[in-house]
>>> print(open('input-v6.txt').read())   # compact mmCIF, N, CA and C atoms
# COMPACT_ATOMS: atom_id res chain seq x y z
N MET U 23 0.85 -1.17 0.00
CA MET U 23 0.00 0.00 0.00
C MET U 23 0.89 1.23 0.00
N GLU U 24 0.34 2.33 -0.50
CA GLU U 24 1.08 3.59 -0.53
C GLU U 24 0.33 4.65 0.26
N ALA U 25 1.08 5.61 0.79
CA ALA U 25 0.47 6.73 1.51
C ALA U 25 1.47 7.88 1.52
N THR U 26 0.94 9.08 1.70
CA THR U 26 1.77 10.25 1.94
C THR U 26 1.49 10.67 3.37
N ILE U 27 2.57 10.78 4.15
CA ILE U 27 2.43 11.06 5.58
C ILE U 27 3.31 12.23 5.98
N ASP U 28 3.03 12.79 7.15
CA ASP U 28 3.91 13.76 7.80
C ASP U 28 4.66 12.98 8.87
N VAL U 29 5.98 12.83 8.69
CA VAL U 29 6.78 12.05 9.63
C VAL U 29 6.95 12.85 10.92
N ASP U 30 6.42 12.32 12.01
CA ASP U 30 6.51 12.99 13.31
C ASP U 30 7.80 12.62 14.02
N SER U 31 8.08 11.31 14.08
CA SER U 31 9.29 10.88 14.78
C SER U 31 9.75 9.52 14.25
N VAL U 32 11.02 9.24 14.49
CA VAL U 32 11.59 7.93 14.17
C VAL U 32 12.36 7.48 15.41
N ARG U 33 11.96 6.34 15.96
CA ARG U 33 12.63 5.80 17.15
C ARG U 33 13.32 4.50 16.78
N THR U 34 14.39 4.20 17.47
CA THR U 34 15.09 2.94 17.26
C THR U 34 15.06 2.12 18.54
N PHE U 35 14.99 0.81 18.36
CA PHE U 35 14.98 -0.11 19.49
C PHE U 35 15.92 -1.26 19.16
N GLU U 36 16.68 -1.68 20.12
CA GLU U 36 17.56 -2.84 19.98
C GLU U 36 16.75 -4.08 20.32
N THR U 37 16.74 -5.06 19.43
CA THR U 37 16.01 -6.30 19.69
C THR U 37 16.89 -7.26 20.49
N ARG U 38 16.30 -8.32 21.02
CA ARG U 38 17.06 -9.32 21.78
C ARG U 38 18.14 -9.97 20.92
N SER U 39 17.88 -10.08 19.62
CA SER U 39 18.85 -10.72 18.73
C SER U 39 19.96 -9.76 18.30
N GLY U 40 19.86 -8.48 18.71
CA GLY U 40 20.89 -7.51 18.36
C GLY U 40 20.57 -6.66 17.14
N SER U 41 19.44 -6.92 16.50
CA SER U 41 19.02 -6.12 15.35
C SER U 41 18.44 -4.79 15.82
N THR U 42 18.40 -3.84 14.91
CA THR U 42 17.79 -2.55 15.23
C THR U 42 16.42 -2.50 14.56
N ARG U 43 15.42 -2.14 15.34
CA ARG U 43 14.06 -1.96 14.83
C ARG U 43 13.79 -0.46 14.78
N TYR U 44 13.36 0.02 13.62
CA TYR U 44 13.02 1.43 13.44
C TYR U 44 11.51 1.56 13.44
N VAL U 45 10.98 2.51 14.21
CA VAL U 45 9.54 2.75 14.26
C VAL U 45 9.30 4.19 13.83
N VAL U 46 8.60 4.33 12.70
CA VAL U 46 8.26 5.64 12.16
C VAL U 46 6.84 5.96 12.59
N ARG U 47 6.66 7.10 13.20
CA ARG U 47 5.33 7.52 13.66
C ARG U 47 4.93 8.76 12.86
N ASP U 48 3.70 8.73 12.29
CA ASP U 48 3.24 9.91 11.56
C ASP U 48 2.45 10.82 12.50
N LYS U 49 2.10 12.01 12.01
CA LYS U 49 1.42 13.00 12.86
C LYS U 49 0.04 12.52 13.29
N GLY U 50 -0.53 11.55 12.57
CA GLY U 50 -1.82 11.00 12.94
C GLY U 50 -1.73 9.90 13.99
N GLY U 51 -0.50 9.52 14.36
CA GLY U 51 -0.32 8.49 15.38
C GLY U 51 -0.08 7.09 14.85
N SER U 52 -0.17 6.90 13.53
CA SER U 52 0.09 5.57 12.96
C SER U 52 1.58 5.27 13.02
N GLU U 53 1.91 4.00 13.22
CA GLU U 53 3.30 3.59 13.30
C GLU U 53 3.62 2.56 12.24
N TYR U 54 4.84 2.64 11.70
CA TYR U 54 5.33 1.76 10.66
C TYR U 54 6.70 1.26 11.10
N THR U 55 6.92 -0.05 11.02
CA THR U 55 8.14 -0.66 11.53
C THR U 55 8.98 -1.20 10.38
N THR U 56 10.31 -1.06 10.52
CA THR U 56 11.22 -1.70 9.59
C THR U 56 12.47 -2.15 10.33
N PHE U 57 13.08 -3.20 9.82
CA PHE U 57 14.36 -3.67 10.36
C PHE U 57 15.48 -3.37 9.36
N ARG U 58 15.11 -2.79 8.22
CA ARG U 58 16.10 -2.47 7.19
C ARG U 58 16.76 -1.13 7.51
N GLU U 59 18.08 -1.19 7.68
CA GLU U 59 18.83 -0.01 8.10
C GLU U 59 18.72 1.14 7.11
N HIS U 60 18.79 0.85 5.80
CA HIS U 60 18.73 1.95 4.82
C HIS U 60 17.38 2.65 4.83
N ILE U 61 16.31 1.91 5.08
CA ILE U 61 14.98 2.53 5.17
C ILE U 61 14.87 3.34 6.45
N GLY U 62 15.36 2.78 7.55
CA GLY U 62 15.33 3.48 8.83
C GLY U 62 16.12 4.77 8.79
N ASN U 63 17.31 4.73 8.19
CA ASN U 63 18.13 5.94 8.09
C ASN U 63 17.48 6.98 7.20
N ALA U 64 16.86 6.54 6.11
CA ALA U 64 16.15 7.48 5.22
C ALA U 64 14.99 8.13 5.98
N ALA U 65 14.30 7.34 6.80
CA ALA U 65 13.18 7.88 7.59
C ALA U 65 13.67 8.92 8.58
N MET U 66 14.83 8.67 9.20
CA MET U 66 15.37 9.64 10.16
C MET U 66 15.64 10.99 9.49
N GLY U 67 16.06 10.95 8.24
CA GLY U 67 16.32 12.19 7.51
C GLY U 67 15.05 12.92 7.11
N LEU U 68 13.90 12.28 7.29
CA LEU U 68 12.63 12.90 6.90
C LEU U 68 11.77 13.30 8.10
N GLU U 69 12.34 13.25 9.30
CA GLU U 69 11.57 13.67 10.48
C GLU U 69 11.12 15.11 10.32
N GLY U 70 9.84 15.36 10.58
CA GLY U 70 9.28 16.71 10.46
C GLY U 70 8.93 17.09 9.04
N LYS U 71 9.02 16.15 8.11
CA LYS U 71 8.75 16.44 6.69
C LYS U 71 7.68 15.51 6.15
N ARG U 72 7.18 15.85 4.97
CA ARG U 72 6.22 14.96 4.29
C ARG U 72 6.99 13.89 3.53
N ALA U 73 6.44 12.69 3.55
CA ALA U 73 7.09 11.57 2.89
C ALA U 73 6.05 10.68 2.22
N THR U 74 6.49 10.05 1.15
CA THR U 74 5.68 9.04 0.49
C THR U 74 6.23 7.70 0.94
N ILE U 75 5.33 6.84 1.39
CA ILE U 75 5.76 5.54 1.90
C ILE U 75 5.04 4.40 1.18
N GLU U 76 5.68 3.24 1.21
CA GLU U 76 5.05 1.99 0.82
C GLU U 76 5.15 1.08 2.03
N TYR U 77 4.06 0.37 2.33
CA TYR U 77 4.04 -0.49 3.51
C TYR U 77 3.12 -1.68 3.28
N HIS U 78 3.24 -2.66 4.14
CA HIS U 78 2.31 -3.79 4.11
C HIS U 78 1.97 -4.17 5.55
N GLU U 79 0.85 -4.86 5.71
CA GLU U 79 0.39 -5.25 7.03
C GLU U 79 0.40 -6.77 7.14
N GLU U 80 0.71 -7.25 8.35
CA GLU U 80 0.67 -8.68 8.64
C GLU U 80 -0.05 -8.90 9.96
N GLN U 81 -0.95 -9.86 9.97
CA GLN U 81 -1.65 -10.24 11.18
C GLN U 81 -0.86 -11.34 11.86
N ARG U 82 -0.45 -11.10 13.11
CA ARG U 82 0.27 -12.12 13.89
C ARG U 82 -0.45 -12.27 15.21
N GLY U 83 -1.20 -13.34 15.32
CA GLY U 83 -2.00 -13.55 16.53
C GLY U 83 -3.02 -12.44 16.66
N ASN U 84 -3.00 -11.74 17.79
CA ASN U 84 -3.93 -10.64 18.02
C ASN U 84 -3.38 -9.30 17.56
N PHE U 85 -2.19 -9.31 16.97
CA PHE U 85 -1.55 -8.06 16.59
C PHE U 85 -1.54 -7.87 15.08
N ASN U 86 -1.71 -6.62 14.67
CA ASN U 86 -1.62 -6.25 13.27
C ASN U 86 -0.34 -5.41 13.12
N ASN U 87 0.70 -6.00 12.54
CA ASN U 87 1.96 -5.31 12.36
C ASN U 87 1.99 -4.58 11.02
N VAL U 88 2.47 -3.36 11.02
CA VAL U 88 2.56 -2.57 9.80
C VAL U 88 4.04 -2.35 9.51
N TYR U 89 4.49 -2.90 8.38
CA TYR U 89 5.91 -2.87 8.03
C TYR U 89 6.17 -1.86 6.92
N LEU U 90 7.17 -1.03 7.14
CA LEU U 90 7.57 0.00 6.18
C LEU U 90 8.49 -0.65 5.15
N ASP U 91 8.12 -0.55 3.86
CA ASP U 91 8.90 -1.14 2.78
C ASP U 91 9.74 -0.12 2.03
N LYS U 92 9.29 1.15 2.05
CA LYS U 92 9.99 2.20 1.30
C LYS U 92 9.57 3.55 1.85
N ILE U 93 10.50 4.51 1.86
CA ILE U 93 10.17 5.87 2.26
C ILE U 93 11.03 6.82 1.43
N GLU U 94 10.41 7.89 0.97
CA GLU U 94 11.14 8.91 0.22
C GLU U 94 10.44 10.25 0.40
N PRO U 95 11.15 11.35 0.14
CA PRO U 95 10.52 12.66 0.29
C PRO U 95 9.30 12.77 -0.63
N ALA U 96 8.24 13.38 -0.14
CA ALA U 96 7.04 13.59 -0.96
C ALA U 96 7.34 14.67 -1.99
N PRO U 97 6.74 14.59 -3.17
CA PRO U 97 6.94 15.63 -4.17
C PRO U 97 6.50 16.98 -3.63
N ASP U 98 7.15 18.03 -4.08
CA ASP U 98 6.82 19.39 -3.65
C ASP U 98 5.46 19.76 -4.21
N GLU U 99 4.48 19.86 -3.33
CA GLU U 99 3.11 20.15 -3.75
C GLU U 99 2.91 21.61 -4.10
N SER U 100 3.83 22.48 -3.67
CA SER U 100 3.66 23.90 -3.95
C SER U 100 4.03 24.24 -5.38
N ALA U 101 4.83 23.37 -6.02
CA ALA U 101 5.20 23.62 -7.41
C ALA U 101 4.04 23.21 -8.31
N VAL U 102 3.56 24.14 -9.10
CA VAL U 102 2.44 23.86 -9.99
C VAL U 102 2.99 23.46 -11.35
N ASP U 103 2.71 22.24 -11.73
CA ASP U 103 3.12 21.74 -13.03
C ASP U 103 2.21 22.38 -14.08
N GLU U 104 2.78 22.76 -15.19
CA GLU U 104 2.02 23.44 -16.25
C GLU U 104 0.90 22.54 -16.78
N THR U 105 1.07 21.22 -16.75
CA THR U 105 0.04 20.33 -17.27
C THR U 105 -1.14 20.21 -16.31
N GLU U 106 -0.93 20.44 -15.03
CA GLU U 106 -2.01 20.28 -14.05
C GLU U 106 -3.19 21.21 -14.32
N PRO U 107 -2.96 22.52 -14.56
CA PRO U 107 -4.11 23.38 -14.86
C PRO U 107 -4.85 22.95 -16.12
N GLU U 108 -4.10 22.50 -17.12
CA GLU U 108 -4.72 22.06 -18.37
C GLU U 108 -5.60 20.83 -18.14
N GLU U 109 -5.07 19.87 -17.39
CA GLU U 109 -5.84 18.65 -17.11
C GLU U 109 -7.08 18.95 -16.28
N ALA U 110 -6.93 19.77 -15.27
CA ALA U 110 -8.06 20.14 -14.42
C ALA U 110 -9.10 20.90 -15.23
N ALA U 111 -8.63 21.77 -16.11
CA ALA U 111 -9.56 22.56 -16.93
C ALA U 111 -10.34 21.67 -17.89
N TRP U 112 -9.68 20.68 -18.50
CA TRP U 112 -10.40 19.77 -19.39
C TRP U 112 -11.45 18.96 -18.61
N ARG U 113 -11.09 18.50 -17.41
CA ARG U 113 -12.07 17.76 -16.60
C ARG U 113 -13.28 18.63 -16.30
N THR U 114 -13.02 19.90 -15.96
CA THR U 114 -14.11 20.83 -15.66
C THR U 114 -14.97 21.06 -16.89
N ALA U 115 -14.33 21.25 -18.05
CA ALA U 115 -15.07 21.48 -19.29
C ALA U 115 -15.94 20.28 -19.66
N VAL U 116 -15.40 19.08 -19.49
CA VAL U 116 -16.18 17.88 -19.80
C VAL U 116 -17.36 17.75 -18.84
N ASP U 117 -17.12 18.06 -17.55
CA ASP U 117 -18.22 18.02 -16.59
C ASP U 117 -19.30 19.04 -16.93
N ALA U 118 -18.89 20.18 -17.48
CA ALA U 118 -19.84 21.25 -17.81
C ALA U 118 -20.44 21.09 -19.20
N ALA U 119 -20.01 20.11 -19.96
CA ALA U 119 -20.46 19.94 -21.35
C ALA U 119 -21.98 19.97 -21.53
N PRO U 120 -22.76 19.31 -20.67
CA PRO U 120 -24.22 19.36 -20.89
C PRO U 120 -24.76 20.79 -20.85
N TRP U 121 -24.18 21.65 -20.04
CA TRP U 121 -24.65 23.04 -19.96
C TRP U 121 -24.09 23.88 -21.10
N LEU U 122 -22.87 23.57 -21.52
CA LEU U 122 -22.24 24.34 -22.59
C LEU U 122 -22.82 24.01 -23.96
N VAL U 123 -23.14 22.75 -24.17
CA VAL U 123 -23.65 22.31 -25.47
C VAL U 123 -25.16 22.46 -25.52
N GLY U 124 -25.81 22.34 -24.39
CA GLY U 124 -27.26 22.45 -24.34
C GLY U 124 -27.91 21.09 -24.45
N GLU U 125 -29.18 21.07 -24.15
CA GLU U 125 -29.95 19.84 -24.21
C GLU U 125 -30.14 19.45 -25.67
N SER U 126 -29.99 18.18 -25.94
CA SER U 126 -30.27 17.68 -27.29
C SER U 126 -31.24 16.54 -27.17
N GLU U 127 -31.79 16.17 -28.29
CA GLU U 127 -32.75 15.06 -28.30
C GLU U 127 -32.05 13.81 -27.77
N PRO U 128 -32.80 12.95 -27.07
CA PRO U 128 -32.19 11.72 -26.58
C PRO U 128 -31.53 10.95 -27.72
N HIS U 129 -30.38 10.41 -27.45
CA HIS U 129 -29.62 9.60 -28.39
C HIS U 129 -29.08 10.40 -29.57
N GLU U 130 -29.21 11.71 -29.55
CA GLU U 130 -28.65 12.52 -30.63
C GLU U 130 -27.24 12.94 -30.22
N GLU U 131 -26.27 12.59 -31.04
CA GLU U 131 -24.89 12.91 -30.71
C GLU U 131 -24.51 14.28 -31.25
N VAL U 132 -23.66 14.96 -30.50
CA VAL U 132 -23.12 16.23 -30.95
C VAL U 132 -21.85 15.90 -31.73
N PRO U 133 -21.72 16.46 -32.94
CA PRO U 133 -20.51 16.17 -33.73
C PRO U 133 -19.25 16.56 -32.94
N PRO U 134 -18.20 15.76 -33.03
CA PRO U 134 -16.99 16.01 -32.25
C PRO U 134 -16.40 17.41 -32.45
N ASP U 135 -16.37 17.90 -33.68
CA ASP U 135 -15.79 19.23 -33.92
C ASP U 135 -16.62 20.32 -33.23
N GLU U 136 -17.93 20.18 -33.27
CA GLU U 136 -18.81 21.16 -32.61
C GLU U 136 -18.61 21.11 -31.09
N LEU U 137 -18.51 19.91 -30.56
CA LEU U 137 -18.29 19.75 -29.13
C LEU U 137 -16.96 20.38 -28.72
N PHE U 138 -15.91 20.09 -29.48
CA PHE U 138 -14.60 20.65 -29.19
C PHE U 138 -14.62 22.18 -29.27
N ASP U 139 -15.26 22.72 -30.28
CA ASP U 139 -15.32 24.18 -30.45
C ASP U 139 -16.04 24.86 -29.28
N LYS U 140 -16.97 24.17 -28.66
CA LYS U 140 -17.68 24.75 -27.52
C LYS U 140 -16.90 24.57 -26.22
N LEU U 141 -16.22 23.44 -26.07
CA LEU U 141 -15.52 23.16 -24.82
C LEU U 141 -14.16 23.86 -24.72
N LYS U 142 -13.44 23.98 -25.83
CA LYS U 142 -12.08 24.52 -25.77
C LYS U 142 -12.00 25.94 -25.20
N PRO U 143 -12.82 26.90 -25.63
CA PRO U 143 -12.72 28.24 -25.03
C PRO U 143 -13.01 28.22 -23.52
N PHE U 144 -13.95 27.40 -23.11
CA PHE U 144 -14.27 27.28 -21.69
C PHE U 144 -13.08 26.71 -20.93
N LYS U 145 -12.48 25.65 -21.50
CA LYS U 145 -11.30 25.02 -20.89
C LYS U 145 -10.18 26.03 -20.75
N GLU U 146 -9.94 26.84 -21.76
CA GLU U 146 -8.85 27.82 -21.72
C GLU U 146 -9.08 28.87 -20.62
N ARG U 147 -10.33 29.30 -20.45
CA ARG U 147 -10.62 30.26 -19.39
C ARG U 147 -10.42 29.65 -18.01
N VAL U 148 -10.83 28.40 -17.84
CA VAL U 148 -10.66 27.72 -16.55
C VAL U 148 -9.17 27.55 -16.25
N ALA U 149 -8.38 27.12 -17.23
CA ALA U 149 -6.94 26.93 -17.04
C ALA U 149 -6.27 28.26 -16.68
N GLU U 150 -6.68 29.33 -17.34
CA GLU U 150 -6.13 30.65 -17.04
C GLU U 150 -6.45 31.06 -15.60
N ASP U 151 -7.69 30.81 -15.17
CA ASP U 151 -8.08 31.12 -13.79
C ASP U 151 -7.25 30.32 -12.78
N ILE U 152 -7.02 29.05 -13.08
CA ILE U 152 -6.22 28.21 -12.19
C ILE U 152 -4.80 28.75 -12.07
N ARG U 153 -4.19 29.09 -13.22
CA ARG U 153 -2.83 29.62 -13.20
C ARG U 153 -2.76 30.95 -12.44
N GLU U 154 -3.73 31.83 -12.65
CA GLU U 154 -3.75 33.12 -11.96
C GLU U 154 -3.90 32.93 -10.45
N ASN U 155 -4.77 32.02 -10.04
CA ASN U 155 -4.94 31.75 -8.59
C ASN U 155 -3.67 31.17 -7.99
N ALA U 156 -2.95 30.32 -8.76
CA ALA U 156 -1.70 29.76 -8.25
C ALA U 156 -0.65 30.86 -8.09
N GLU U 157 -0.60 31.81 -9.04
CA GLU U 157 0.35 32.92 -8.95
C GLU U 157 -0.01 33.83 -7.79
N ASP U 158 -1.31 34.08 -7.59
CA ASP U 158 -1.74 34.95 -6.48
C ASP U 158 -1.40 34.33 -5.14
N SER U 159 -1.52 33.00 -5.03
CA SER U 159 -1.23 32.35 -3.74
C SER U 159 0.27 32.33 -3.46
N GLU U 160 1.10 32.42 -4.50
CA GLU U 160 2.56 32.48 -4.30
C GLU U 160 2.99 33.84 -3.78
N ASP U 161 2.26 34.89 -4.10
CA ASP U 161 2.64 36.25 -3.69
C ASP U 161 2.39 36.52 -2.24
>>> encode(input="input-v6.txt", output="structure tokens")
Amino acid sequence: MEATIDVDSVRTFETRSGSTRYVVRDKGGSEYTTFREHIGNAAMGLEGKRATIEYHEEQRGNFNNVYLDKIEPAPDESAVDETEPEEAAWRTAVDAAPWLVGESEPHEEVPPDELFDKLKPFKERVAEDIRENAEDSED
């Protein structure tokens, strides 16, 4: 399974066999365990930061153990990719298509070129608004 978490703390424990157990705790209180040193050390470097993790769960008796398989810094969410506004704008335009194209007879299809000609200007305005709002929030 995958998740994006805020790493609150990383604790280490010495096991009876001499291995080191790393316990990563997120801000929500969930804990993830690993015995792999490279994963534990990477987690320590991410304390107080957002991270993307991969983990799996195992049921052992009455306990549900959650094992950390991978951890890495989460992508910078503040950076707006140029394709994101375009994709969001197309989704919005498609959702608005019934209002933009208007009601048609049941089972009557709108020709693709006509549909595109109606949706594209709307999509461009939505994408422009998204980019402007992202610039305003950076200031």
>>> select_by_dssp(input="input-v6.txt", residues="segment 30-151 of chain U", states="helix (DSSP H, G or I)", output="VMD selection string")
chain U and resid 59 to 66 105 to 123 134 to 151
>>> atom_distance(input="input-v6.txt", atom1="atom CA of Val148 of chain U", atom2="atom CA of Leu122 of chain U")
13.5 Å
>>> atom_distance(input="input-v6.txt", atom1="atom CA of Ser31 of chain U", atom2="atom CA of Lys49 of chain U")
8.4 Å
>>> closest_residue(input="input-v6.txt", among="U:Ile61, U:Leu90, U:Val45, U:Met66", to="Ala25 of chain U", atoms="only C-alpha atoms")
U:Leu90
>>> residues_around(input="input-v6.txt", residues="segment 150-158 of chain U", least_positions_apart="5", cutoff="8 Å", atoms="all atoms listed in the file", output="count of residues only")
7
>>> atom_distance(input="input-v6.txt", atom1="atom CA of Arg47 of chain U", atom2="atom CA of Asn86 of chain U")
15.4 Å
>>> closest_residue(input="input-v6.txt", among="U:Ala119, U:Asp48, U:Thr56, U:Ala96", to="Phe35 of chain U", atoms="only C-alpha atoms")
U:Thr56
>>> residues_around(input="input-v6.txt", residues="Ala65 of chain U", least_positions_apart="4", cutoff="6.5 Å", atoms="all atoms listed in the file", output="PDB file with N, CA and C atoms, in the coordinates of the input")
ATOM      1  N   VAL U  32      11.020   9.240  14.490  1.00  0.00           N
ATOM      2  CA  VAL U  32      11.590   7.930  14.170  1.00  0.00           C
ATOM      3  C   VAL U  32      12.360   7.480  15.410  1.00  0.00           C
ATOM      4  N   HIS U  60      18.790   0.850   5.800  1.00  0.00           N
ATOM      5  CA  HIS U  60      18.730   1.950   4.820  1.00  0.00           C
ATOM      6  C   HIS U  60      17.380   2.650   4.830  1.00  0.00           C
ATOM      7  N   ILE U  61      16.310   1.910   5.080  1.00  0.00           N
ATOM      8  CA  ILE U  61      14.980   2.530   5.170  1.00  0.00           C
ATOM      9  C   ILE U  61      14.870   3.340   6.450  1.00  0.00           C
ATOM     10  N   GLU U  69      12.340  13.250   9.300  1.00  0.00           N
ATOM     11  CA  GLU U  69      11.570  13.670  10.480  1.00  0.00           C
ATOM     12  C   GLU U  69      11.120  15.110  10.320  1.00  0.00           C
ATOM     13  N   ILE U  93      10.500   4.510   1.860  1.00  0.00           N
ATOM     14  CA  ILE U  93      10.170   5.870   2.260  1.00  0.00           C
ATOM     15  C   ILE U  93      11.030   6.820   1.430  1.00  0.00           C
TER      16      ILE U  93
END
>>> closest_residue(input="input-v6.txt", among="U:Ser39, U:Thr74, U:Thr55, U:Asn63", to="Val88 of chain U", atoms="only N, CA and C atoms")
U:Thr55
>>> closest_residue(input="input-v6.txt", among="U:Pro143, U:Gly70, U:Pro95, U:Gly124", to="Trp112 of chain U", atoms="only C-alpha atoms")
U:Pro143
>>> closest_residue(input="input-v6.txt", among="U:Asp135, U:Tyr44, U:Arg113, U:Glu130", to="Glu59 of chain U", atoms="only C-alpha atoms")
U:Tyr44
>>> select_by_dssp(input="input-v6.txt", residues="segment 58-94 of chain U", states="strand (DSSP E)", output="PyMOL selection string")
chain U and resi 72-82+85-94
>>> axis_aligned_box(input="input-v6.txt", around="segment 148-151 of chain U", padding_each_side="5 Å", output="AutoDock Vina command-line options")
--center_x -8.5 --center_y 29.0 --center_z -15.3 --size_x 14.7 --size_y 14.2 --size_z 15.1
>>> closest_residue(input="input-v6.txt", among="U:Arg43, U:Arg38, U:Arg72, U:Arg33", to="Pro97 of chain U", atoms="all atoms listed in the file")
U:Arg72
